[in-house]
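Colleague: Please find my_file29.cif (mmCIF, C-alpha atoms) on the next line:
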```cif
data_target
loop_
_atom_site.label_atom_id
_atom_site.label_comp_id
_atom_site.auth_asym_id
_atom_site.auth_seq_id
_atom_site.Cartn_x
_atom_site.Cartn_y
_atom_site.Cartn_z
CA MET K 220 0.96 -11.97 -9.53
CA ALA K 221 -0.17 -10.52 -12.85
CA ALA K 222 1.41 -7.39 -14.28
CA PRO K 223 -0.48 -4.11 -13.71
CA ILE K 224 -2.97 -3.09 -16.39
CA GLN K 225 -1.38 -0.43 -18.58
CA SER K 226 -3.28 2.83 -19.27
CA PRO K 227 -6.62 1.99 -17.68
CA ALA K 228 -9.63 4.11 -18.59
CA LYS K 229 -10.59 6.61 -15.88
CA CYS K 230 -14.14 5.27 -15.84
CA GLU K 231 -12.80 1.77 -15.16
CA VAL K 232 -10.73 2.92 -12.19
CA ARG K 233 -13.69 4.94 -10.87
CA SER K 234 -15.95 1.91 -11.17
CA VAL K 235 -13.52 -0.25 -9.22
CA ILE K 236 -13.23 2.44 -6.53
CA ARG K 237 -17.04 2.65 -6.25
CA PHE K 238 -17.30 -1.14 -6.05
CA LEU K 239 -14.69 -1.41 -3.30
CA LYS K 240 -16.29 1.49 -1.40
CA ALA K 241 -19.68 -0.26 -1.63
CA LYS K 242 -18.07 -3.39 -0.18
CA GLY K 243 -17.02 -1.29 2.81
CA GLU K 244 -13.29 -1.28 2.10
CA ARG K 245 -11.22 1.38 3.84
CA GLN K 246 -9.56 4.07 1.69
CA ALA K 247 -6.07 2.74 2.34
CA GLU K 248 -7.14 -0.73 1.24
CA ILE K 249 -8.83 0.69 -1.87
CA HIS K 250 -5.63 2.50 -2.81
CA LYS K 251 -3.56 -0.63 -2.18
CA GLN K 252 -5.80 -2.72 -4.45
CA ILE K 253 -5.89 -0.06 -7.19
CA VAL K 254 -2.07 0.10 -7.20
CA ALA K 255 -1.83 -3.71 -7.29
CA VAL K 256 -4.06 -3.95 -10.38
CA TYR K 257 -3.43 -0.70 -12.28
CA GLY K 258 -0.03 0.43 -11.06
CA ASN K 259 0.46 3.79 -9.43
CA VAL K 260 -2.14 5.81 -11.39
CA MET K 261 -2.78 8.26 -8.54
CA ASN K 262 0.51 10.14 -8.23
CA PHE K 263 -0.30 12.97 -10.60
CA HIS K 264 0.26 15.69 -7.96
CA LEU K 265 4.01 15.05 -8.11
CA PHE K 266 4.43 15.73 -11.79
CA LEU K 267 3.29 19.36 -11.78
CA HIS K 268 6.00 20.24 -9.25
CA LEU K 269 8.62 18.15 -11.07
CA LYS K 270 7.73 19.82 -14.36
CA LYS K 271 8.24 23.25 -12.77
CA HIS K 272 11.59 22.11 -11.36
CA LEU K 273 12.84 20.87 -14.74
CA ALA K 274 11.50 23.83 -16.75
CA GLY K 275 14.24 25.60 -18.72
CA LYS K 276 17.00 23.15 -17.80
CA MET K 277 19.07 21.51 -20.53
CA PHE K 278 20.52 18.02 -20.31
CA ASP K 279 23.10 16.26 -22.49
CA ASP K 280 21.65 12.76 -22.12
CA ASP K 281 19.00 10.62 -20.42
CA ASP K 282 21.31 9.78 -17.53
CA GLU K 283 21.53 13.44 -16.52
CA VAL K 284 17.74 13.77 -16.60
CA GLN K 285 17.30 10.64 -14.49
CA GLU K 286 19.89 11.86 -11.99
CA GLU K 287 18.18 15.26 -11.70
CA VAL K 288 14.75 13.66 -11.20
CA MET K 289 16.04 11.24 -8.56
CA MET K 290 17.78 14.10 -6.74
CA TRP K 291 14.55 16.14 -6.80
CA PHE K 292 12.52 13.26 -5.31
CA LYS K 293 15.10 12.75 -2.54
CA GLU K 294 15.13 16.47 -1.70
CA GLN K 295 11.38 16.66 -1.12
CA ALA K 296 10.43 16.87 2.51
CA ALA K 297 8.01 14.38 4.03
CA ASP K 298 5.39 17.11 4.41
CA PHE K 299 5.37 17.58 0.61
CA TYR K 300 4.26 13.96 0.15
CA ASP K 301 1.92 14.09 3.14
CA SER K 302 0.12 17.18 1.83
CA GLY K 303 -0.47 15.44 -1.50
CA ILE K 304 -1.89 12.38 0.21
CA GLN K 305 -4.10 14.51 2.47
CA LYS K 306 -5.51 16.31 -0.60
CA LEU K 307 -6.25 12.96 -2.23
CA VAL K 308 -8.56 11.73 0.55
CA PRO K 309 -11.30 14.39 0.18
CA ARG K 310 -11.04 14.19 -3.61
CA LEU K 311 -11.61 10.43 -3.55
CA ASN K 312 -14.53 10.89 -1.16
CA GLU K 313 -16.10 13.56 -3.38
CA CYS K 314 -15.60 11.36 -6.45
CA LEU K 315 -17.31 8.44 -4.73
CA GLU K 316 -20.18 10.58 -3.48
CA ASN K 317 -20.78 11.97 -7.00
CA ALA K 318 -21.00 8.59 -8.73
CA GLY K 319 -17.41 8.74 -9.94
CA GLU K 320 -17.53 12.29 -11.29
CA TYR K 321 -15.05 14.72 -9.79
CA VAL K 322 -14.35 18.16 -11.19
CA GLU K 323 -12.16 20.53 -9.24
CA LYS K 324 -13.40 24.13 -9.37
#
```
Translate the structure of the given file into structure tokens.
Modeller:
Amino acid sequence: MAAPIQSPAKCEVRSVIRFLKAKGERQAEIHKQIVAVYGNVMNFHLFLHLKKHLAGKMFDDDDEVQEEVMMWFKEQAADFYDSGIQKLVPRLNECLENAGEYVEK
């Protein structure tokens, strides 16, 4: 299997999503195919919370940062991840319905 495409353009990912939606693919299958080709480009909701968690903390080396990040991910409850996924579904639908344009207001 080929390596994921690094730093894809948003319009490219949107085009692929529209194409797969037009083919009648289910949302879970669309996500699976996007991750297979582009890597995990849809996990942005995690980073805002992680950034808040790390704000103001000082670390002596990269190992300490990695340990803190791994600990934070393990401490998150399943409902944290589920709520992020549930928010993604209507956003993807709105993006597809608006020809790939999605702006949260």
Colleague: For Glu294 in chain K, which of K:Lys251, K:His272, K:Glu231, K:Phe238 is the closest residue, counting all atoms listed in the file?
Modeller: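 Between K:Lys251, K:His272, K:Glu231, K:Phe238, the residue approaching Glu294 in chain K most closely is K:His272.
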Colleague: As a PyMOL selection string, please: the residues near range 280-288 of chain K (cut-off 12 Å, only C-alpha atoms, same-chain neighbours under 4 positions excluded).
Modeller: chain K and resi 265-266+268-274+276+292-295
Colleague: What's the separation between CA of His250 in chain K and CA of Leu267 in chain K, in Å to one decimal place?
Modeller: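 Taking CA of His250 in chain K as the start and CA of Leu267 in chain K as the end point, the length is 21.1 Å.
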Colleague: With distances taken over only C-alpha atoms, which of K:Ser234, K:Lys242, K:Ala228, K:Gly275 is nearest to Asn317 in chain K?
Modeller: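 Using only C-alpha atoms, Asn317 in chain K sits closest to K:Ser234.
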Colleague: Which value, in Å to one decimal, gives the distance between CA of Ala296 in chain K and CA of Ile253 in chain K?
Modeller: 25.4 Å
Colleague: Enter the distance from CA of Lys240 in chain K to CA of Leu307 in chain K, in Å, rounded to one decimal.
Modeller: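 For CA of Lys240 in chain K relative to CA of Leu307 in chain K, the distance reads 15.3 Å.
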Colleague: Considering only C-alpha atoms, state which residue in the set K:Phe278, K:Cys230, K:Ala255, K:Arg237 is at the smallest distance from Asn312 in chain K.
Modeller: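 Of K:Phe278, K:Cys230, K:Ala255, K:Arg237, the one nearest Asn312 in chain K, counting only C-alpha atoms, is K:Arg237.
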Colleague: Restricting the calculation to all atoms listed in the file: of K:Val235, K:Gln246, K:Ala297, K:Met277, which residue gets closest to Arg310 in chain K?
Modeller: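 Among K:Val235, K:Gln246, K:Ala297, K:Met277, it is K:Gln246 that comes nearest to Arg310 in chain K.
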